[in-house]
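Input: a single structure, listed below in structure tokens.
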Amino acid sequence: MKLRILFYFIFPFTFCFSQNGEELKKYTLDANQFYGSVLLHNPDISHLITNHPAGVILSYNRKTYGSKEWEALFNYPDYGASFIYQDMNNATLGKNIGLYAHYNFYFVKRNIQFRVGQGIAYTTNAYDKEDNFRNNAYGSDFLSSTYLMLNYHKENIFKGLGFKTGISLVHYSNANFKAPNTSTNTFALNAGLIYDLDGGKEMNYIPKGATEKILEPMRYNLVFRGGINESDVIGTGQYGFYILSGYVDKRLGRKSALQLGTDVFFSNFLKELIRFQATSFPEMDVDVNDDYKRVGVFLGHELFINQMSIITQLGYYVYYPFDFEGKVYNRIGLKRYFGNKVFGAITLKSHGAAAEAVEFGIGIRL
């Protein structure tokens with residue numbers, strides 16, 4: 001269990017901080033206080049929305065200036081690490097403490113900043129069947145967490161000090177690693193300060209030069225994914241799952257590629273769910289011998305950012321002997337290339353807003 005948690009903690013950060021050979025460097029700190037509301041995305045958590053959560057976001061950022069080609073292509077983003085402390089102001093939910101890797105992207109003459117962060121959070125008051133049975137949002141102590149920020153951002157107003165203000169969305173879920181898992185989404189207003197560790201010293205951006213066009217034939221990809229999850233029925237147990245995927249991709253330029261492929265799912269938690277429904281709820285008309293395997297086809301997009309990329313896929317089951325959450329599924333996540341062919345991936349597979357699993361994968365692109 002400890003090894004799984006350590007792997008889950010380290011792996012997302014590997015994507016964001018495996019950068020080599022930087023030349024121009026500048027670092028900033030920012031601190032934001034936030035105050036908001038838990039969104040009612042599921043009526044099952046209505047009893048948990050009793051007060052307004054509040055907290056603080058602390059961040060360490062490395063600015064880019066175009067030393068690498070990808071930096072200019074994305075308008076010189078920042079990348080860094082964040083810490084979030086959030087008091088849910090609800091005795092059942094407790095408090096959440098998270099660590100994240102993030103990117104900051106800039107728009108409108110660098111006055112508008114959009115941040116996306118991904119990491120892991122610890123909750124102080126997870127579900128317990130005896131002591132905290134009302135907490136059906138967090139079924140485990142450790143949660144996958146994503147946060148977004150959209151801010152008016154003004155740096156170096158006075159001797160390296162600036163400010164920012166805007167809106168944030170903080171999501172906590174364990175992606176059905178362990179039931180229950182209805183999750184929470186906090187929408188908040190935030191405001192804070194920025195400090196340049198160089199005291200406001202100005203540095204010039206390297207202009208984007210001419211970029212060489214990428215002309216690639218279609219590439220063939222093979223991926224093996226796996227992990228552990230549980231059905232929504234509390235106490236049915238955690239089981240390993242395995243996914244074999246094959247797809248072709250075609251580069252559209254330096255940033256994007258389209259994908260078309262197929263997945264074969266071996267989700268062992270469905271074996272137990274099939275048995276449970278067949279023996280306990282005969283009115284559901286489930287046969288204990290129903291096949292737990294599924295086969296899907298998907299269309300996807302890949303956004304390349306240096307050695308990292310962001311993937312989004314939309315799929316449809318063409319082999320679907322047991323009904324679980326519908327025939328349409330989606331996947332979003334990160335890939336990290338090691339050389340030109342081998343990559344690792346961490347992705348979230350879900351059916352709409354209902355998460356099924358966090359998938360850890362390794363693949364090859366030929």
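Residues in the structure tokens are numbered from 1 in each chain, the chains being A, B, ... in the order shown, and ligands are numbered from 1 in the order shown.
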**Request:** Please provide as JSON, numbers by chain all residues within 9 Å of segment 170-185 of chain A, with the sequence filter that same-chain residues fewer than 2 positions apart are discarded (counting only C-alpha atoms).
**Result:** {"A": [37, 38, 39, 40, 41, 42, 44, 45, 96, 120, 121, 127, 135, 136, 137, 138, 139, 140, 141, 142, 143, 144, 145, 146, 147, 148, 149, 168, 187, 188, 227, 228, 229, 230, 231, 232, 233, 234, 235, 236, 237, 238, 348, 349, 350, 354, 355, 356, 357, 358]}
**Test item: residues at most 7 Å from Ile364 of chain A, only C-alpha atoms, excluding those fewer than 6 positions along its chain, as a list in words** =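 In the requested form, the answer reads Asn221, Leu222, Val223, Lys341, Val342 and Phe343 of chain A.
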**Request:** Tell me which protein, DNA and RNA residues are within 6 Å of segment 307-323 of chain A, counting only C-alpha atoms, leaving out same-chain ones fewer than 3 positions away, and put them as a list in words.
**Result:** Asp291, Arg294, Val295, Gly296, Val297, Phe298, Leu299, Gly300, His301, Glu302, Leu303, Phe304, Lys327, Val328, Tyr329, Asn330, Arg331, Ile332, Gly333, Leu334, Lys335, Arg336 and Tyr337 of chain A
**Message:** I need the residues in segment 29-238 of chain A that are helix (DSSP H, G or I) according to DSSP; give them as a list in words.
**Reply:**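 The residues of segment 29-238 of chain A classed as helix (DSSP H, G or I) are Pro43, Asp44, Ile45, Ser46, His47, Leu48, Glu69, Trp70, Glu71, Ala72 and Leu73 of chain A.
Atom to atom, atom CA of Asp30 of chain A and atom CA of Lys95 of chain A stand 21.7 Å apart.
One finds atom CA of Phe241 of chain A at 9.6 Å from atom CA of Leu270 of chain A.
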**Request:** Give me every strand (DSSP E or B) residue in segment 137-255 of chain A, going by DSSP on the backbone, as a VMD selection string.
**Result:** chain A and resid 142 to 158 161 to 173 184 to 196 219 to 229 239 to 251
